[in-house]
file entry.csv (CSV, C-alpha atoms and all ligand atoms)
chain,number,residue,atom,x,y,z
T,298,MET,CA,28.9,-5.2,11.5
T,299,LEU,CA,28.6,-2.9,8.5
T,300,ALA,CA,25.9,-0.1,8.8
T,301,TYR,CA,25.1,2.7,6.4
T,302,THR,CA,25.0,5.8,8.7
T,303,TYR,CA,23.5,9.3,8.5
T,304,GLU,CA,26.6,11.4,9.5
T,305,SER,CA,25.4,14.9,8.7
T,306,LYS,CA,23.4,16.7,6.0
T,307,GLY,CA,24.4,15.3,2.6
T,308,ASN,CA,26.6,12.7,4.1
T,309,PHE,CA,25.9,9.0,4.5
T,310,VAL,CA,28.9,6.7,5.4
T,311,LEU,CA,29.3,2.9,5.5
T,312,LYS,CA,30.9,2.2,8.8
T,313,GLU,CA,31.6,-0.6,11.3
T,314,LYS,CA,29.2,-0.6,14.3
T,315,ALA,CA,28.5,-2.9,17.2
T,316,ARG,CA,25.9,-5.5,16.5
T,317,PRO,CA,22.6,-4.4,18.1
T,318,VAL,CA,21.4,-6.1,21.3
T,319,LEU,CA,18.0,-6.6,22.9
T,320,LYS,CA,17.1,-3.5,25.0
T,321,GLU,CA,13.4,-4.0,25.9
T,322,PRO,CA,11.4,-7.2,26.4
T,323,GLY,CA,9.4,-6.5,23.3
T,324,ASP,CA,12.5,-6.3,21.0
T,325,ALA,CA,13.7,-8.6,18.4
T,326,ILE,CA,17.1,-8.7,16.6
T,327,VAL,CA,16.8,-9.5,12.9
T,328,ARG,CA,19.7,-10.5,10.6
T,329,VAL,CA,18.9,-8.5,7.5
T,330,THR,CA,18.9,-10.6,4.3
T,331,LEU,CA,17.6,-8.0,1.9
T,332,ALA,CA,17.0,-4.2,2.3
T,333,SER,CA,16.1,-1.5,-0.1
T,334,ILE,CA,16.6,2.2,-0.6
T,335,CYS,CA,13.5,4.5,-0.4
T,336,THR,CA,13.0,8.1,-1.5
T,337,SER,CA,12.5,8.9,2.2
T,338,ASP,CA,16.2,7.9,2.8
T,339,LEU,CA,17.1,10.6,0.3
T,340,HIS,CA,15.0,13.1,2.2
T,341,ILE,CA,17.0,12.3,5.3
T,342,LYS,CA,20.3,12.7,3.3
T,343,HIS,CA,19.2,16.1,2.0
T,344,GLY,CA,18.3,17.3,5.4
T,345,SER,CA,14.6,17.6,4.9
T,346,VAL,CA,13.6,15.2,7.7
T,347,PRO,CA,14.4,17.4,10.8
T,348,ARG,CA,13.5,14.6,13.3
T,349,ALA,CA,16.2,12.3,11.7
T,350,VAL,CA,19.0,11.8,14.2
T,351,PRO,CA,22.6,12.0,13.0
T,352,GLY,CA,24.5,8.9,13.7
T,353,ILE,CA,21.6,6.5,13.1
T,354,THR,CA,21.8,3.6,10.6
T,355,VAL,CA,19.4,4.5,7.8
T,356,GLY,CA,17.0,2.1,6.0
T,357,HIS,CA,13.4,1.2,6.8
T,358,GLU,CA,12.6,-1.4,4.1
T,359,MET,CA,14.0,-4.8,4.9
T,360,VAL,CA,13.4,-8.5,5.4
T,361,GLY,CA,15.5,-10.9,7.4
T,362,VAL,CA,15.7,-13.8,9.8
T,363,VAL,CA,15.0,-13.4,13.6
T,364,GLU,CA,18.1,-14.1,15.6
T,365,GLU,CA,17.0,-13.2,19.2
T,366,ILE,CA,13.7,-12.2,20.9
T,367,GLY,CA,12.9,-10.5,24.1
T,368,SER,CA,10.7,-12.1,26.8
T,369,GLN,CA,7.5,-10.5,25.6
T,370,VAL,CA,7.8,-11.4,22.0
T,371,THR,CA,5.3,-14.1,21.1
T,372,LYS,CA,4.6,-13.6,17.4
T,373,VAL,CA,7.9,-14.7,16.0
T,374,ARG,CA,10.7,-17.0,17.0
T,375,PRO,CA,14.4,-17.2,16.3
T,376,GLY,CA,14.9,-18.7,12.8
T,377,ASP,CA,11.6,-17.2,11.4
T,378,ARG,CA,11.9,-15.3,8.1
T,379,VAL,CA,10.2,-11.9,8.6
T,380,ALA,CA,9.3,-8.7,7.0
T,381,VAL,CA,9.9,-5.5,9.0
T,382,ASN,CA,7.2,-2.8,9.4
T,383,VAL,CA,8.4,0.7,8.7
T,384,GLU,CA,6.2,1.9,11.6
T,385,THR,CA,6.9,1.2,15.2
T,386,PHE,CA,3.8,1.0,17.4
T,387,CYS,CA,2.9,-0.1,20.8
T,388,GLY,CA,-0.4,-1.8,20.0
T,389,ASN,CA,-2.0,-0.5,23.2
T,390,CYS,CA,-2.6,3.2,23.1
T,391,TYR,CA,-5.8,4.9,21.9
T,392,PHE,CA,-4.5,5.3,18.4
T,393,CYS,CA,-3.0,1.8,18.0
T,394,ARG,CA,-6.3,0.3,19.3
T,395,HIS,CA,-8.2,2.2,16.5
T,396,GLY,CA,-5.8,1.2,13.8
T,397,TYR,CA,-4.2,4.7,13.6
T,398,VAL,CA,-0.8,3.3,14.3
T,399,ASN,CA,1.1,6.1,12.6
T,400,ASN,CA,0.0,8.3,15.6
T,401,CYS,CA,1.1,5.8,18.2
T,402,GLN,CA,1.7,7.8,21.4
T,403,ASP,CA,4.8,5.9,22.3
T,404,PRO,CA,7.9,8.2,22.2
T,405,ASP,CA,9.4,5.7,19.7
T,406,GLY,CA,6.2,5.3,17.7
T,407,GLY,CA,5.6,6.2,14.1
T,408,TRP,CA,8.4,6.1,11.5
T,409,ALA,CA,11.3,5.5,13.8
T,410,LEU,CA,13.5,2.8,12.2
T,411,GLY,CA,16.2,4.3,10.0
T,412,CYS,CA,15.1,7.8,11.1
T,413,ARG,CA,15.2,8.2,14.9
T,414,ILE,CA,16.6,4.7,15.8
T,415,ASP,CA,19.0,2.5,13.9
T,416,GLY,CA,17.4,1.0,10.7
T,417,GLY,CA,18.1,-1.8,8.3
T,418,GLN,CA,20.7,-0.9,5.7
T,419,ALA,CA,23.0,-3.0,7.9
T,420,GLU,CA,23.7,-6.6,8.7
T,421,TYR,CA,21.5,-6.6,11.8
T,422,VAL,CA,18.6,-4.4,13.1
T,423,ARG,CA,16.9,-4.2,16.5
T,424,VAL,CA,13.1,-4.0,16.0
T,425,PRO,CA,11.1,-2.6,19.0
T,426,TYR,CA,7.6,-3.9,19.7
T,427,ALA,CA,8.4,-6.9,17.5
T,428,ASN,CA,4.9,-8.4,18.0
T,429,GLN,CA,3.6,-5.5,15.8
T,430,GLY,CA,6.8,-4.7,13.9
T,431,LEU,CA,7.4,-8.1,12.4
T,432,ALA,CA,5.4,-10.5,10.2
T,433,ARG,CA,6.4,-14.0,9.2
T,434,ILE,CA,7.0,-14.5,5.5
T,435,PRO,CA,5.2,-17.5,4.2
T,436,ASP,CA,7.6,-20.3,3.1
T,437,SER,CA,6.7,-20.0,-0.6
T,438,VAL,CA,7.3,-16.2,-0.7
T,439,THR,CA,10.8,-15.0,-1.6
T,440,ASP,CA,12.7,-12.2,0.1
T,441,GLU,CA,12.3,-10.1,-3.1
T,442,GLN,CA,8.5,-10.7,-3.1
T,443,ALA,CA,8.2,-9.6,0.6
T,444,LEU,CA,10.7,-6.7,0.5
T,445,PHE,CA,8.1,-3.9,0.2
T,446,ALA,CA,5.4,-5.4,2.5
T,447,GLY,CA,6.4,-3.1,5.4
T,448,ASP,CA,6.7,0.2,3.6
T,449,ILE,CA,5.6,1.1,0.0
T,450,LEU,CA,3.2,-1.8,-0.3
T,451,ALA,CA,1.8,-1.0,3.2
T,452,THR,CA,1.4,2.5,1.9
T,453,GLY,CA,-0.5,1.4,-1.2
T,454,TYR,CA,-2.6,-1.0,0.8
T,455,TRP,CA,-3.5,1.7,3.4
T,456,ALA,CA,-4.3,4.2,0.6
T,457,ALA,CA,-6.6,1.8,-1.2
T,458,ARG,CA,-8.3,1.0,2.2
T,459,ILE,CA,-9.0,4.7,3.1
T,460,GLY,CA,-10.0,5.4,-0.5
T,461,GLU,CA,-13.1,3.3,0.1
T,462,ILE,CA,-13.3,2.2,-3.5
T,463,GLU,CA,-16.5,0.5,-4.5
T,464,LYS,CA,-16.8,-2.2,-7.1
T,465,GLY,CA,-17.1,-0.7,-10.5
T,466,ASP,CA,-15.6,2.7,-9.5
T,467,THR,CA,-13.5,4.8,-11.8
T,468,VAL,CA,-10.1,5.4,-10.1
T,469,LEU,CA,-7.3,7.8,-11.1
T,470,ILE,CA,-3.8,7.2,-9.8
T,471,ILE,CA,-1.4,10.1,-10.4
T,472,GLY,CA,2.2,9.0,-10.4
T,473,ALA,CA,3.6,5.6,-11.3
T,474,GLY,CA,6.8,5.6,-9.2
T,475,PRO,CA,7.3,2.7,-6.8
T,476,THR,CA,4.6,3.8,-4.4
T,477,GLY,CA,2.2,4.5,-7.3
T,478,VAL,CA,2.7,1.0,-8.6
T,479,CYS,CA,2.1,-0.5,-5.2
T,480,THR,CA,-1.1,1.7,-4.9
T,481,LEU,CA,-2.2,0.3,-8.3
T,482,ASP,CA,-1.7,-3.3,-7.1
T,483,CYS,CA,-3.8,-2.7,-4.0
T,484,VAL,CA,-6.5,-0.7,-5.9
T,485,LEU,CA,-7.0,-3.5,-8.3
T,486,LEU,CA,-7.8,-5.9,-5.5
T,487,ARG,CA,-11.0,-3.8,-4.9
T,488,GLU,CA,-12.3,-4.5,-8.4
T,489,PRO,CA,-12.8,-1.0,-9.7
T,490,GLY,CA,-14.5,-0.6,-13.1
T,491,LYS,CA,-11.8,1.6,-14.7
T,492,VAL,CA,-8.3,2.5,-13.6
T,493,LEU,CA,-6.4,5.4,-15.1
T,494,VAL,CA,-2.7,6.0,-14.3
T,495,ALA,CA,-1.1,9.3,-15.1
T,496,GLU,CA,2.8,9.3,-15.4
T,497,PRO,CA,5.1,11.5,-17.5
T,498,ASP,CA,8.1,9.2,-17.5
T,499,ASP,CA,8.2,6.9,-20.6
T,500,PHE,CA,9.9,4.0,-18.8
T,501,ARG,CA,7.4,4.0,-16.0
T,502,ARG,CA,4.4,4.3,-18.4
T,503,ASP,CA,5.8,1.3,-20.3
T,504,TYR,CA,6.1,-0.6,-17.1
T,505,ILE,CA,2.4,-0.1,-16.3
T,506,LYS,CA,1.4,-1.1,-19.9
T,507,ALA,CA,3.5,-4.3,-19.7
T,508,HIS,CA,2.4,-5.4,-16.2
T,509,TYR,CA,-1.1,-4.0,-15.8
T,510,PRO,CA,-3.0,-4.2,-19.1
T,511,GLU,CA,-6.2,-3.5,-17.3
T,512,ALA,CA,-5.1,0.1,-16.6
T,513,GLU,CA,-5.4,3.0,-19.0
T,514,VAL,CA,-2.1,4.9,-19.1
T,515,ILE,CA,-2.0,8.7,-19.6
T,516,ASP,CA,1.0,10.9,-20.4
T,517,PRO,CA,0.1,14.1,-18.5
T,518,ARG,CA,2.5,16.0,-20.8
T,519,SER,CA,0.3,15.5,-23.8
T,520,GLN,CA,-3.1,14.7,-22.2
T,521,ASP,CA,-4.9,16.4,-19.3
T,522,ALA,CA,-5.4,13.7,-16.6
T,523,ALA,CA,-8.4,15.6,-15.2
T,524,GLU,CA,-10.1,15.7,-18.6
T,525,ALA,CA,-9.3,12.0,-19.1
T,526,ALA,CA,-10.9,11.2,-15.7
T,527,PHE,CA,-13.9,13.3,-16.7
T,528,ARG,CA,-14.4,11.3,-19.8
T,529,ALA,CA,-13.7,7.9,-18.1
T,530,GLY,CA,-16.0,8.4,-15.1
T,531,SER,CA,-19.8,8.2,-15.4
T,532,HIS,CA,-20.5,11.2,-13.1
T,533,GLY,CA,-18.1,13.9,-14.1
T,534,GLY,CA,-14.8,12.6,-13.0
T,535,ALA,CA,-13.1,9.8,-11.0
T,536,ASP,CA,-14.9,8.4,-8.0
T,537,VAL,CA,-11.6,8.1,-6.2
T,538,VAL,CA,-8.3,9.9,-7.0
T,539,PHE,CA,-4.9,8.9,-5.5
T,540,GLU,CA,-2.2,11.6,-5.7
T,541,VAL,CA,1.1,9.8,-5.5
T,542,ALA,CA,3.3,12.1,-7.5
T,543,GLY,CA,3.9,15.0,-5.0
T,544,THR,CA,4.2,18.0,-7.3
T,545,GLU,CA,2.3,21.2,-7.4
T,546,GLU,CA,0.7,20.3,-10.7
T,547,SER,CA,-0.3,16.8,-9.6
T,548,PHE,CA,-1.9,18.2,-6.4
T,549,GLN,CA,-4.1,20.5,-8.5
T,550,THR,CA,-4.9,17.7,-11.0
T,551,ALA,CA,-6.1,15.6,-8.1
T,552,TRP,CA,-9.0,17.7,-7.0
T,553,LYS,CA,-9.9,18.7,-10.5
T,554,ALA,CA,-10.1,15.0,-11.6
T,555,ALA,CA,-12.4,14.0,-8.8
T,556,ARG,CA,-16.2,13.9,-9.5
T,557,PRO,CA,-18.5,15.9,-7.2
T,558,ASN,CA,-18.6,14.1,-3.8
T,559,GLY,CA,-15.6,12.1,-4.8
T,560,THR,CA,-12.6,11.2,-2.6
T,561,VAL,CA,-9.1,12.4,-3.0
T,562,VAL,CA,-6.4,10.5,-1.2
T,563,ILE,CA,-3.1,12.3,-0.8
T,564,VAL,CA,-0.5,9.6,-0.6
T,565,ALA,CA,2.5,11.8,-1.7
T,566,LEU,CA,4.8,13.8,0.4
T,567,TYR,CA,5.5,17.4,-0.6
T,568,ASP,CA,8.5,19.5,0.1
T,569,ARG,CA,6.5,22.7,0.4
T,570,PRO,CA,2.9,23.7,1.3
T,571,GLN,CA,0.2,23.2,-1.4
T,572,VAL,CA,-2.8,25.5,-2.1
T,573,LEU,CA,-6.4,24.4,-2.1
T,574,PRO,CA,-8.3,27.0,-4.2
T,575,LEU,CA,-11.4,26.7,-2.0
T,576,PRO,CA,-13.6,29.2,-3.9
T,577,ASP,CA,-13.0,27.2,-7.2
T,578,MET,CA,-13.8,24.0,-5.4
T,579,TYR,CA,-16.9,25.2,-3.6
T,580,GLY,CA,-19.9,23.0,-4.3
T,581,LYS,CA,-17.8,20.1,-5.4
T,582,ASN,CA,-18.1,18.6,-1.9
T,583,LEU,CA,-14.9,16.6,-2.0
T,584,THR,CA,-13.5,14.5,0.7
T,585,PHE,CA,-9.8,14.7,1.2
T,586,LYS,CA,-7.9,12.0,3.0
T,587,THR,CA,-4.2,12.3,4.0
T,588,GLY,CA,-1.6,11.4,6.5
T,589,GLY,CA,1.3,9.1,7.3
T,590,VAL,CA,0.7,5.4,6.5
T,591,ASP,CA,-1.1,3.4,9.2
T,592,GLY,CA,1.0,0.4,8.3
T,593,CYS,CA,-0.6,-2.4,10.2
T,594,ASP,CA,-1.6,-4.7,7.3
T,595,MET,CA,1.6,-6.6,6.8
T,596,ASP,CA,0.2,-10.1,7.5
T,597,GLU,CA,-2.7,-9.6,5.0
T,598,ILE,CA,-0.3,-8.2,2.4
T,599,LEU,CA,2.1,-11.2,2.7
T,600,GLU,CA,-0.9,-13.5,2.4
T,601,LEU,CA,-2.0,-11.7,-0.8
T,602,ILE,CA,1.5,-12.1,-2.1
T,603,ARG,CA,1.5,-15.8,-1.3
T,604,GLN,CA,-1.8,-16.1,-3.2
T,605,GLY,CA,-0.2,-14.4,-6.2
T,606,ARG,CA,-2.6,-11.5,-6.0
T,607,ILE,CA,0.1,-8.9,-5.4
T,608,ASP,CA,3.5,-9.1,-7.2
T,609,THR,CA,5.9,-6.1,-7.0
T,610,THR,CA,9.1,-8.0,-7.7
T,611,GLY,CA,9.3,-6.2,-11.1
T,612,LEU,CA,10.0,-3.0,-9.3
T,613,ILE,CA,13.5,-4.3,-8.3
T,614,THR,CA,15.6,-3.2,-11.2
T,615,HIS,CA,19.0,-3.4,-9.5
T,616,THR,CA,20.7,-5.4,-6.7
T,617,PHE,CA,23.9,-4.3,-4.9
T,618,PRO,CA,25.9,-5.8,-2.1
T,619,LEU,CA,25.9,-3.7,1.2
T,620,ASN,CA,29.6,-2.8,0.7
T,621,GLN,CA,28.7,-1.0,-2.6
T,622,ILE,CA,25.7,0.8,-1.1
T,623,ALA,CA,27.2,4.2,-1.9
T,624,GLU,CA,27.2,3.4,-5.6
T,625,ALA,CA,23.6,2.2,-5.3
T,626,TYR,CA,22.6,5.5,-3.7
T,627,ALA,CA,24.3,7.5,-6.5
T,628,LEU,CA,22.4,5.5,-9.1
T,629,PHE,CA,19.1,5.9,-7.2
T,630,GLU,CA,19.6,9.6,-6.5
T,631,GLU,CA,20.4,10.4,-10.1
T,632,ARG,CA,17.7,8.1,-11.4
T,633,LYS,CA,20.2,6.5,-13.9
T,634,ASP,CA,19.8,3.3,-15.9
T,635,ASN,CA,15.9,3.4,-15.5
T,636,VAL,CA,16.3,2.5,-11.8
T,637,VAL,CA,13.0,1.9,-10.0
T,638,LYS,CA,14.0,0.1,-6.8
T,639,ILE,CA,17.4,-1.2,-5.6
T,640,ALA,CA,17.7,-4.2,-3.4
T,641,ILE,CA,20.7,-4.2,-1.0
T,642,ARG,CA,22.1,-7.6,0.0
T,643,PRO,CA,24.2,-7.5,3.3
T,701,ZN,ZN,10.1,4.5,2.7
T,702,ZN,ZN,0.5,3.0,20.3

call {"tool": "encode", "arguments": {"input": "entry.csv", "output": "structure tokens", "more": "lines below"}}
Ligand SMILES: [Zn+2]
Ligand SMILES: [Zn+2]
result
Amino acid sequence: MLAYTYESKGNFVLKEKARPVLKEPGDAIVRVTLASICTSDLHIKHGSVPRAVPGITVGHEMVGVVEEIGSQVTKVRPGDRVAVNVETFCGNCYFCRHGYVNNCQDPDGGWALGCRIDGGQAEYVRVPYANQGLARIPDSVTDEQALFAGDILATGYWAARIGEIEKGDTVLIIGAGPTGVCTLDCVLLREPGKVLVAEPDDFRRDYIKAHYPEAEVIDPRSQDAAEAAFRAGSHGGADVVFEVAGTEESFQTAWKAARPNGTVVIVALYDRPQVLPLPDMYGKNLTFKTGGVDGCDMDEILELIRQGRIDTTGLITHTFPLNQIAEAYALFEERKDNVVKIAIRP
């Protein structure tokens, strides 16, 4: 089968590999019907994910059809259409039992697919702990609708959950890239009073205006997002801030925009340490929440998609066949042609 492979730093190659086989009783083999490229794939390509193992097949966002299951798999059966969870977790350890699945103590736990074990930019993928790693896609939900359920939508859903938004709250989301949009979708489910979205890119701002008329869109190049949050909130800032942009500037905006005793959820990944100016923040009594996504909400997310309450299909701006994946990466990497997300069809 064809598999897009991390050869060495800066070098991904589409090559012929053996079809994966069941290794453990909890495994399932999934025939990939649609995959996607994520910014984290680029981080692997650029060598900034030290735990990524050279030789592995990349890709951790995909949907497909179950082909084979191990003896312990009870949640899905061959022939089921499934979404694949970015996180591998045993379901049994202390962390899994408390819902902190990103910290699963299994050696294969956490973000393993397409990083430490073979992922889904391929024709087939082996999914360990399939009872946790797979969710059935409802019949009325398309592959395109379900494509992000296991990764960026799971991230948005987790972020909105730990943000503990209360009805009527003022919320600021910094960054309207794919994960920012997914965060917005999941934030809106919690019925905030006002939602502000700060994004410097014109195309991305227009996307929010077109799809989410209930959000107020801010261009941080011409308007200070922290000041906008101060004016929008009733108590000197946003009740909850989601930092999804991942820059030095956006990190500073996040704590400034939060009201006293507000919550700042750091969803973004940074490529260098960030500074919390604690003397300036003293007395503001903020709560910071951060971490890798505890992605264990795929069934709920797919049900919300089925009900039409979440729809992220608009994020898919391009589709490429697997044999042209190198071109897709080039387009995604250079952010050409207003690309947001690319679907890859094996
Ligand atoms: Zn990802
Ligand atoms: Zn575990």

call {"tool": "residues_near_ligand", "arguments": {"input": "entry.csv", "ligand": "ligand ZN 701 (chain T)", "cutoff": "12 Å", "atoms": "only C-alpha atoms and all ligand atoms", "output": "PDB file with C-alpha atoms, keeping the file's coordinate frame"}}
result
ATOM      1  CA  ALA T 332      17.000  -4.200   2.300  1.00  0.00           C
ATOM      2  CA  SER T 333      16.100  -1.500  -0.100  1.00  0.00           C
ATOM      3  CA  ILE T 334      16.600   2.200  -0.600  1.00  0.00           C
ATOM      4  CA  CYS T 335      13.500   4.500  -0.400  1.00  0.00           C
ATOM      5  CA  THR T 336      13.000   8.100  -1.500  1.00  0.00           C
ATOM      6  CA  SER T 337      12.500   8.900   2.200  1.00  0.00           C
ATOM      7  CA  ASP T 338      16.200   7.900   2.800  1.00  0.00           C
ATOM      8  CA  LEU T 339      17.100  10.600   0.300  1.00  0.00           C
ATOM      9  CA  HIS T 340      15.000  13.100   2.200  1.00  0.00           C
ATOM     10  CA  ILE T 341      17.000  12.300   5.300  1.00  0.00           C
ATOM     11  CA  VAL T 355      19.400   4.500   7.800  1.00  0.00           C
ATOM     12  CA  GLY T 356      17.000   2.100   6.000  1.00  0.00           C
ATOM     13  CA  HIS T 357      13.400   1.200   6.800  1.00  0.00           C
ATOM     14  CA  GLU T 358      12.600  -1.400   4.100  1.00  0.00           C
ATOM     15  CA  MET T 359      14.000  -4.800   4.900  1.00  0.00           C
ATOM     16  CA  VAL T 381       9.900  -5.500   9.000  1.00  0.00           C
ATOM     17  CA  ASN T 382       7.200  -2.800   9.400  1.00  0.00           C
ATOM     18  CA  VAL T 383       8.400   0.700   8.700  1.00  0.00           C
ATOM     19  CA  GLU T 384       6.200   1.900  11.600  1.00  0.00           C
ATOM     20  CA  TRP T 408       8.400   6.100  11.500  1.00  0.00           C
ATOM     21  CA  ALA T 409      11.300   5.500  13.800  1.00  0.00           C
ATOM     22  CA  LEU T 410      13.500   2.800  12.200  1.00  0.00           C
ATOM     23  CA  GLY T 411      16.200   4.300  10.000  1.00  0.00           C
ATOM     24  CA  CYS T 412      15.100   7.800  11.100  1.00  0.00           C
ATOM     25  CA  GLY T 416      17.400   1.000  10.700  1.00  0.00           C
ATOM     26  CA  GLY T 417      18.100  -1.800   8.300  1.00  0.00           C
ATOM     27  CA  LEU T 444      10.700  -6.700   0.500  1.00  0.00           C
ATOM     28  CA  PHE T 445       8.100  -3.900   0.200  1.00  0.00           C
ATOM     29  CA  ALA T 446       5.400  -5.400   2.500  1.00  0.00           C
ATOM     30  CA  GLY T 447       6.400  -3.100   5.400  1.00  0.00           C
ATOM     31  CA  ASP T 448       6.700   0.200   3.600  1.00  0.00           C
ATOM     32  CA  ILE T 449       5.600   1.100   0.000  1.00  0.00           C
ATOM     33  CA  LEU T 450       3.200  -1.800  -0.300  1.00  0.00           C
ATOM     34  CA  ALA T 451       1.800  -1.000   3.200  1.00  0.00           C
ATOM     35  CA  THR T 452       1.400   2.500   1.900  1.00  0.00           C
ATOM     36  CA  GLY T 453      -0.500   1.400  -1.200  1.00  0.00           C
ATOM     37  CA  PRO T 475       7.300   2.700  -6.800  1.00  0.00           C
ATOM     38  CA  THR T 476       4.600   3.800  -4.400  1.00  0.00           C
ATOM     39  CA  ALA T 565       2.500  11.800  -1.700  1.00  0.00           C
ATOM     40  CA  LEU T 566       4.800  13.800   0.400  1.00  0.00           C
ATOM     41  CA  GLY T 589       1.300   9.100   7.300  1.00  0.00           C
ATOM     42  CA  VAL T 590       0.700   5.400   6.500  1.00  0.00           C
ATOM     43  CA  GLY T 592       1.000   0.400   8.300  1.00  0.00           C
ATOM     44  CA  LYS T 638      14.000   0.100  -6.800  1.00  0.00           C
TER      45      LYS T 638
END

call {"tool": "atom_distance", "arguments": {"input": "entry.csv", "atom1": "atom CA of T:Glu597", "atom2": "atom CA of T:Arg642"}}
result
25.4 Å

call {"tool": "atom_distance", "arguments": {"input": "entry.csv", "atom1": "atom CA of T:Arg487", "atom2": "atom CA of T:Arg458"}}
result
9.0 Å

call {"tool": "atom_distance", "arguments": {"input": "entry.csv", "atom1": "atom CA of T:Met595", "atom2": "atom CA of T:Val360"}}
result
12.0 Å

call {"tool": "closest_residue", "arguments": {"input": "entry.csv", "among": "T:Ala526, T:Ile613, T:Cys401, T:Ile434", "to": "ligand ZN 702 (chain T)", "atoms": "all atoms listed in the file"}}
result
T:Cys401

call {"tool": "residues_near_point", "arguments": {"input": "entry.csv", "point": "(13.3, -8.9, -3.8)", "cutoff": "7 Å", "atoms": "all atoms listed in the file", "output": "list in words"}}
result
Thr439, Asp440, Glu441, Gln442, Ala443, Leu444, Thr610, Ile613 and Ala640 of chain T

call {"tool": "residues_around", "arguments": {"input": "entry.csv", "residues": "T:Lys491", "least_positions_apart": "2", "cutoff": "10 Å", "atoms": "all atoms listed in the file", "output": "ChimeraX atom specification"}}
result
/T:464-469,485,488-489,493,511-513,526,529-530,535

call {"tool": "residues_near_ligand", "arguments": {"input": "entry.csv", "ligand": "ligand ZN 702 (chain T)", "cutoff": "12 Å", "atoms": "all atoms listed in the file", "output": "PyMOL selection string"}}
result
chain T and resi 384-407+426+429-430+591+593

call {"tool": "closest_residue", "arguments": {"input": "entry.csv", "among": "T:Val438, T:Ala627, T:Val424, T:Ile366", "to": "T:Gly307", "atoms": "only C-alpha atoms"}}
result
T:Ala627

call {"tool": "residues_around", "arguments": {"input": "entry.csv", "residues": "T:Glu364", "least_positions_apart": "4", "cutoff": "7 Å", "atoms": "all atoms listed in the file", "output": "PyMOL selection string"}}
result
chain T and resi 326-328+375-376

call {"tool": "axis_aligned_box", "arguments": {"input": "entry.csv", "around": "stretch 518-527 of chain T", "padding_each_side": "8 Å", "output": "AutoDock Vina command-line options"}}
result
--center_x -5.7 --center_y 13.8 --center_z -19.5 --size_x 32.4 --size_y 21.2 --size_z 24.6

call {"tool": "residues_around", "arguments": {"input": "entry.csv", "residues": "T:Gln621", "least_positions_apart": "2", "cutoff": "12 Å", "atoms": "all atoms listed in the file", "output": "PyMOL selection string"}}
result
chain T and resi 299-301+310-311+418+616-619+623-628+639-643

call {"tool": "closest_residue", "arguments": {"input": "entry.csv", "among": "T:Leu599, T:Cys479, T:Val538, T:Ala315", "to": "T:Val379", "atoms": "all atoms listed in the file"}}
result
T:Leu599

call {"tool": "residues_around", "arguments": {"input": "entry.csv", "residues": "T:Asp516", "least_positions_apart": "6", "cutoff": "10 Å", "atoms": "only C-alpha atoms", "output": "PyMOL selection string"}}
result
chain T and resi 494-499+502+522

call {"tool": "decode", "arguments": {"input": "entry.csv", "residues": "stretch 333-366 of chain T", "atoms": "C-alpha atoms", "output": "short mmCIF file (atom, residue, chain, number, x, y, z; two decimals), in the first residue's frame"}}
result
data_model
loop_
_atom_site.label_atom_id
_atom_site.label_comp_id
_atom_site.auth_asym_id
_atom_site.auth_seq_id
_atom_site.Cartn_x
_atom_site.Cartn_y
_atom_site.Cartn_z
CA SER T 333 -6.07 15.32 6.32
CA ILE T 334 -2.87 17.28 6.83
CA CYS T 335 -2.38 19.00 10.19
CA THR T 336 0.10 21.68 11.24
CA SER T 337 1.57 19.09 13.62
CA ASP T 338 2.60 17.06 10.56
CA LEU T 339 4.64 20.07 9.46
CA HIS T 340 6.21 20.25 12.93
CA ILE T 341 7.39 16.65 12.43
CA LYS T 342 8.67 17.49 8.95
CA HIS T 343 10.64 20.44 10.32
CA GLY T 344 12.19 18.30 13.04
CA SER T 345 10.48 20.08 15.95
CA VAL T 346 8.84 16.92 17.33
CA PRO T 347 11.81 15.05 18.83
CA ARG T 348 9.73 11.99 19.76
CA ALA T 349 8.64 11.47 16.13
CA VAL T 350 10.21 8.25 14.86
CA PRO T 351 11.86 8.29 11.41
CA GLY T 352 10.33 5.70 9.10
CA ILE T 353 6.79 6.03 10.45
CA THR T 354 3.80 6.81 8.26
CA VAL T 355 2.58 10.32 9.14
CA GLY T 356 -1.00 11.55 9.52
CA HIS T 357 -3.28 11.55 12.56
CA GLU T 358 -6.56 12.91 11.19
CA MET T 359 -8.55 10.31 9.29
CA VAL T 360 -11.76 8.42 8.85
CA GLY T 361 -12.27 5.04 7.26
CA VAL T 362 -13.88 1.62 7.32
CA VAL T 363 -12.97 -1.13 9.80
CA GLU T 364 -11.45 -4.09 7.97
CA GLU T 365 -10.30 -6.36 10.82
CA ILE T 366 -10.54 -6.36 14.62
#
